[in-house]
Amino acid sequence: MLGFILRRSVTMVWTLLIVSVLIFVIVNLPPGDILSNQIHQLNASGEAASVARARFLASQYALDAPMWQQYLIWMGFWPGPNGFSGILQGDFGWSFELDRPVRDILSEALWMTVVLNLTTILFVYVVALPLGAIAAVRANSWIDYLATFVGYVGLATPNFLLAIVLYHKGAEWFGLPVGGLMGREFAGQPLSLDKILDIAAHLVVPVIVIGTSGMAAMVRRLRANLLDELGKPYVVTAIAKGLHPARAVVKYPLRMALNPFVADIGNMLPQLVSGSVLVSVVMGLQTIGPVLLSALKSQDYFLSGFILLFVSALTLVGMLISDLLLALLDPRIRFVARSR
Amino acid sequence: MRGEPLLSVEGLTVSFGPGLEVVREVDLALRPGETLAIVGESGSGKTMIGKAIMRILPRGARVTVGRVTLRNPDGGRAELTTLPERHMRAIRGGRIAMIFQEPMSSLSPLHRIGSQVAEVMWLHRRMAGAQARRHCLELFAEVGFPDPERAWAAYPFELSGGLRQRAMIAMAMAGRPELLIADEPTTALDVTTQAQVLDLMKRLQAGHGMAMILITHDLGVVANMADTVLVMRRGRVVESGPMAEVLAHPGHGYTRALIDAAPEIPERLPDAGDPAGDPVLWARGLSKTYAGRQGLFGGRTRPVAAVRDVAIAVGRGETLALVGESGSGKSTVARLLLRAEDPDPGAEIVFRGRDGRRIEVAAMDRAALKEFRRKVQIVFQDPYAALSPRMSVLDILTEPLRIHGIGDRDEQRARAAELMQLVGLSPDHLGRFPHAFSGGQRQRISIARALALNPELLICDEPTSALDVSVQAQVLDLLRDLRAGMGLSYLFISHDLAVVAELADRVAVMRAGRIVEQAPAAQLFANPRHPYTMALIAASPEPDPGRRLDLAAVARGAGPPESWPEPFRYAGDHAPGLIEIEPGHYVRCAA
């Protein structure tokens, strides 16, 4: 098992490296990024001071170096103008649009993104598990139809529409704070119990908005999987043992139906992150979503590159976790693996 | 006390809705310690009786009329059909236990055997922890696990089929039931394993004074196990009575037909001459080694030698039977002969058709392979899986013609109609889809498809083992007629010596990838020499109460080659050669 984790981690590092190259190429692909535009303007002004500043900027960010060197400097594999100072060393670069270090812009947004997405996944699983299980066990009953109906509505409603509805009515109906991920008074404050509670209250609406469609899909999937399993002979065996039917379902077929459920963790992360961009814009959430959007539009490539890399890393970690959970859950996966 | 039945069923009717009765007015009574066999073919409703007693009927089915009563220890009787669910749960697994046909799918693949068995001890005997574990280990030893500790920690997929069924039996015994309902408990097992499991069930029954309902299609099993018999057909009991009497003097025509259809090892067969003189297909030095698999957590499994140095020849117009248990390599031989897989280097496979041309099968290119496959066709075991449910029978039968570009549409249609007639089906049904046919009819369609290209050799891979006994007899008859009518040669692969006895001219017995004995059928059955062949014959149950399974003979030959007596014993790759002990009769033993 330890060897497996180790080998998977090595693969992960390789994957991440390749992804980083791709990201770097893609964010640098369209001509006219924000820095070259600035340099062009400075050069065009013809003033000596401006030209000198342009030259300084270009050398500061190694724009005169070839592309591959720029990449290595960005990652921190190659000494840049300021020595080794890249992502590996914790220097995430400079946002030209906001004129601040990427690190400062994102420090809180990164955490809020992680918190928001993990809560959403938790919400999806906690709601989908009982709902899907009940829908399967009581297939073709009113509760199944209700779950199906809720599922279809959830799937068919665009996230941002739900966001707008809850944005306007959430406070009125449920007395929940809507918009933003924390009260204004807590912005920039150090973490305290009050702040955590406030964030939790603010999380409710966005989590529902972002998670509903994923949850609905998950309910459908779990229902289908569990229905397949319920007809299997080992379920009859469990009942024939004298086990209570509800316990029999939870102990045997539900456990079998969990596999695809767990395998989805890795897939859900990037979906949630990209899916939440629009919602974050609509609801004014301080996640990396809106930042990513504006960074991509203005070709603020240090900023957008880093965010993309971060999301990729998040996805890979999710995949690793789901693989480990699968091996933990299903002895057959463990045994295929073990040398006989 | 002996007089009062433990379980009594009166007028039981199970229905899937109005007019959809699957069990009709069944009466039965079972005294403590007694074995009742319910015999019938698929669809006879025999399984439903067991499930109705346990109240685990599938969705939609319910008991509409009838009483099922179980004698309580205080002498009263519990009416199971109306018992509250809570009390019923105490009876399920506690007083009445059930085992099923497929031990693999009837055990949860995600839980250890120990935990699944100990669960019963907790449910019905309130045992947990070390106490439950100790009792489980005792039980595992009692049901014949060589290493109870290993069984405790094992997952079902780590055990062989026989051991899995032993685990199921242990699970059923864990609640110390008064009645065991066994639904085709040995149908999925090899014959030698079946003999051992039947013996185990009998010993457990005697030791615990348990009553048993044995649901089976196999009259041979009945003859070895039952005290009384209930013969069912289409939901009704057609005959019942003491086992010996029913088998010796069947009163109902259906019972008689079932007994006649049951395959038997013949005492004496007519001599068939030497048909291998003009072989249509022969192979020498046939081996297949599967490389070890790369594991997810590293490491590589050991390579598996599925087939080792097999030499085989099918004479023109002859039927060669290749017999062996699961894992013996018999199906791999078929795939190698068809070049569905490539043999290890050094193999020689030669086909010589009616035109006299030699085809080196092992060295063919794609075009030659296509040509070769016109002449050699295969019929598979499972007629449900072998036919695409989305194609009409017409499409299924004309597909080979289309692939090989034979004839225009009308000619292909005419050929399909001809094929249907050949296998005893009506050409009017060409437009139907496979689901409209019964298992036996589907197997006829599979055979018709195999015949579409006028092959010279048909490889039949367990063509009847998914079928009911009476249907099996019909399909075997069909194969015999076709062979005579079309001059076909067969390579007939089966796990059951009794089945091949009806059809085979020569028999080759395989075990652990090697042929251990090969002889003309008459000689093999009259004078078997190899302990494994003798075990197969001894383990084959027959519907004759006078001929019980010979477990000593089974034990001598059923084990791995290391356990065989001298001079047959060998270990690993050091197998002795085949020695000709009489003309055409070869046995693998040290000289």
# chains A, B, ... in the order shown; residues from 1 in each chain; ligands from 1
$ interface_residues --of "chain A" --to "chain B" --cutoff "12 Å" --atoms "only C-alpha atoms" --output "PyMOL selection string"
chain A and resi 1-8+137-139+229-245+247-249+251-259+323-324+326-340
$ residues_around --residues "region 382-384 of chain B" --least-positions-apart "2" --cutoff "6 Å" --atoms "only C-alpha atoms" --output "PyMOL selection string"
chain B and resi 380+386+442-443
$ residues_around --residues "Ile134 (chain A)" --least-positions-apart "4" --cutoff "10 Å" --atoms "only C-alpha atoms" --output "PyMOL selection string"
chain A and resi 128-130+138-139+141+143-144+147+219+222-223+226
$ closest_residue --among "B:Gly43, B:Ile312, B:Leu419, B:Val500" --to "Ala473 (chain B)" --atoms "only C-alpha atoms"
B:Val500
$ residues_around --residues "Thr113 (chain A)" --least-positions-apart "3" --cutoff "9 Å" --atoms "only C-alpha atoms" --output "list of chain:residue names"
A:Glu108, A:Ala109, A:Leu110, A:Leu116, A:Asn117, A:Leu118, A:Val273, A:Gln286, A:Thr287, A:Ile288, A:Gly289
$ residues_around --residues "region 371-375 of chain B" --least-positions-apart "5" --cutoff "8 Å" --atoms "only C-alpha atoms" --output "number ranges by chain"
B: 338, 353, 359, 361, 453-457
$ write_last_selection --atoms "N, CA and C atoms" --output "PDB file, in the first residue's frame"
ATOM      1  N   LEU B 338      -8.526 -22.706 -32.942  1.00  0.00           N
ATOM      2  CA  LEU B 338      -9.205 -21.746 -33.818  1.00  0.00           C
ATOM      3  C   LEU B 338      -8.324 -20.545 -34.124  1.00  0.00           C
ATOM      4  N   GLY B 353      -8.717 -30.092 -45.229  1.00  0.00           N
ATOM      5  CA  GLY B 353     -10.125 -30.129 -45.604  1.00  0.00           C
ATOM      6  C   GLY B 353     -10.426 -31.225 -46.602  1.00  0.00           C
ATOM      7  N   ILE B 359      -3.496 -26.926 -44.382  1.00  0.00           N
ATOM      8  CA  ILE B 359      -3.384 -25.546 -43.908  1.00  0.00           C
ATOM      9  C   ILE B 359      -2.635 -25.576 -42.585  1.00  0.00           C
ATOM     10  N   VAL B 361      -2.223 -24.036 -39.518  1.00  0.00           N
ATOM     11  CA  VAL B 361      -3.031 -23.066 -38.786  1.00  0.00           C
ATOM     12  C   VAL B 361      -2.156 -22.105 -37.982  1.00  0.00           C
ATOM     13  N   LEU B 453     -21.876 -21.619 -43.027  1.00  0.00           N
ATOM     14  CA  LEU B 453     -20.814 -21.600 -44.027  1.00  0.00           C
ATOM     15  C   LEU B 453     -20.395 -23.003 -44.461  1.00  0.00           C
ATOM     16  N   ASN B 454     -21.214 -23.996 -44.102  1.00  0.00           N
ATOM     17  CA  ASN B 454     -20.874 -25.371 -44.468  1.00  0.00           C
ATOM     18  C   ASN B 454     -19.518 -25.798 -43.946  1.00  0.00           C
ATOM     19  N   PRO B 455     -19.297 -25.721 -42.661  1.00  0.00           N
ATOM     20  CA  PRO B 455     -17.979 -26.052 -42.122  1.00  0.00           C
ATOM     21  C   PRO B 455     -17.743 -27.564 -42.183  1.00  0.00           C
ATOM     22  N   GLU B 456     -16.492 -27.929 -42.003  1.00  0.00           N
ATOM     23  CA  GLU B 456     -16.185 -29.359 -41.955  1.00  0.00           C
ATOM     24  C   GLU B 456     -16.002 -29.825 -40.519  1.00  0.00           C
ATOM     25  N   LEU B 457     -15.581 -28.880 -39.678  1.00  0.00           N
ATOM     26  CA  LEU B 457     -15.343 -29.231 -38.274  1.00  0.00           C
ATOM     27  C   LEU B 457     -16.093 -28.240 -37.388  1.00  0.00           C
TER      28      LEU B 457
END
$ select_by_dssp --residues "region 46-147 of chain A" --states "strand (DSSP E or B)" --output "number ranges by chain"
A: 80, 83, 94-95, 100-101
$ residues_around --residues "Ser59 (chain A)" --least-positions-apart "4" --cutoff "12 Å" --atoms "only C-alpha atoms" --output "VMD selection string"
chain A and resid 35 to 36 39 52 to 55 63 to 66 70 80 to 82
$ write_last_selection --atoms "C-alpha atoms" --output "PDB file, in the first residue's frame"
ATOM      1  CA  LEU A  35       3.099  43.398 -19.803  1.00  0.00           C
ATOM      2  CA  SER A  36       4.099  43.567 -23.456  1.00  0.00           C
ATOM      3  CA  ILE A  39       6.276  47.925 -22.659  1.00  0.00           C
ATOM      4  CA  ALA A  52      14.601  52.601 -19.735  1.00  0.00           C
ATOM      5  CA  ARG A  53      11.650  51.522 -17.610  1.00  0.00           C
ATOM      6  CA  ALA A  54      10.419  49.285 -20.422  1.00  0.00           C
ATOM      7  CA  ARG A  55      13.851  47.727 -20.691  1.00  0.00           C
ATOM      8  CA  LEU A  63      10.896  38.650 -21.419  1.00  0.00           C
ATOM      9  CA  ASP A  64      14.061  38.814 -23.491  1.00  0.00           C
ATOM     10  CA  ALA A  65      14.856  35.204 -22.616  1.00  0.00           C
ATOM     11  CA  PRO A  66      13.528  32.381 -24.830  1.00  0.00           C
ATOM     12  CA  GLN A  70      10.845  31.854 -19.077  1.00  0.00           C
ATOM     13  CA  GLY A  80      15.876  34.407 -13.077  1.00  0.00           C
ATOM     14  CA  PRO A  81      17.003  38.021 -12.780  1.00  0.00           C
ATOM     15  CA  ASN A  82      16.489  37.685  -9.013  1.00  0.00           C
TER      16      ASN A  82
END
$ residues_around --residues "region 181-197 of chain A" --least-positions-apart "6" --cutoff "12 Å" --atoms "only C-alpha atoms" --output "list in words"
Asp104, Ile105, Ser107, Glu108, Ala109, Trp111, Met112, Thr113, Val115, Leu116, Leu203, Val204, Val205, Pro206, Val207, Ser280, Met283, Gly284, Leu285, Gln286 and Thr287 of chain A
$ atom_distance --atom1 "CA of Pro177 (chain A)" --atom2 "CA of Ala200 (chain A)"
10.1 Å
$ atom_distance --atom1 "CA of Val197 (chain B)" --atom2 "CA of Gly144 (chain B)"
9.3 Å
$ atom_distance --atom1 "CA of Gly220 (chain B)" --atom2 "CA of Gln205 (chain B)"
18.9 Å
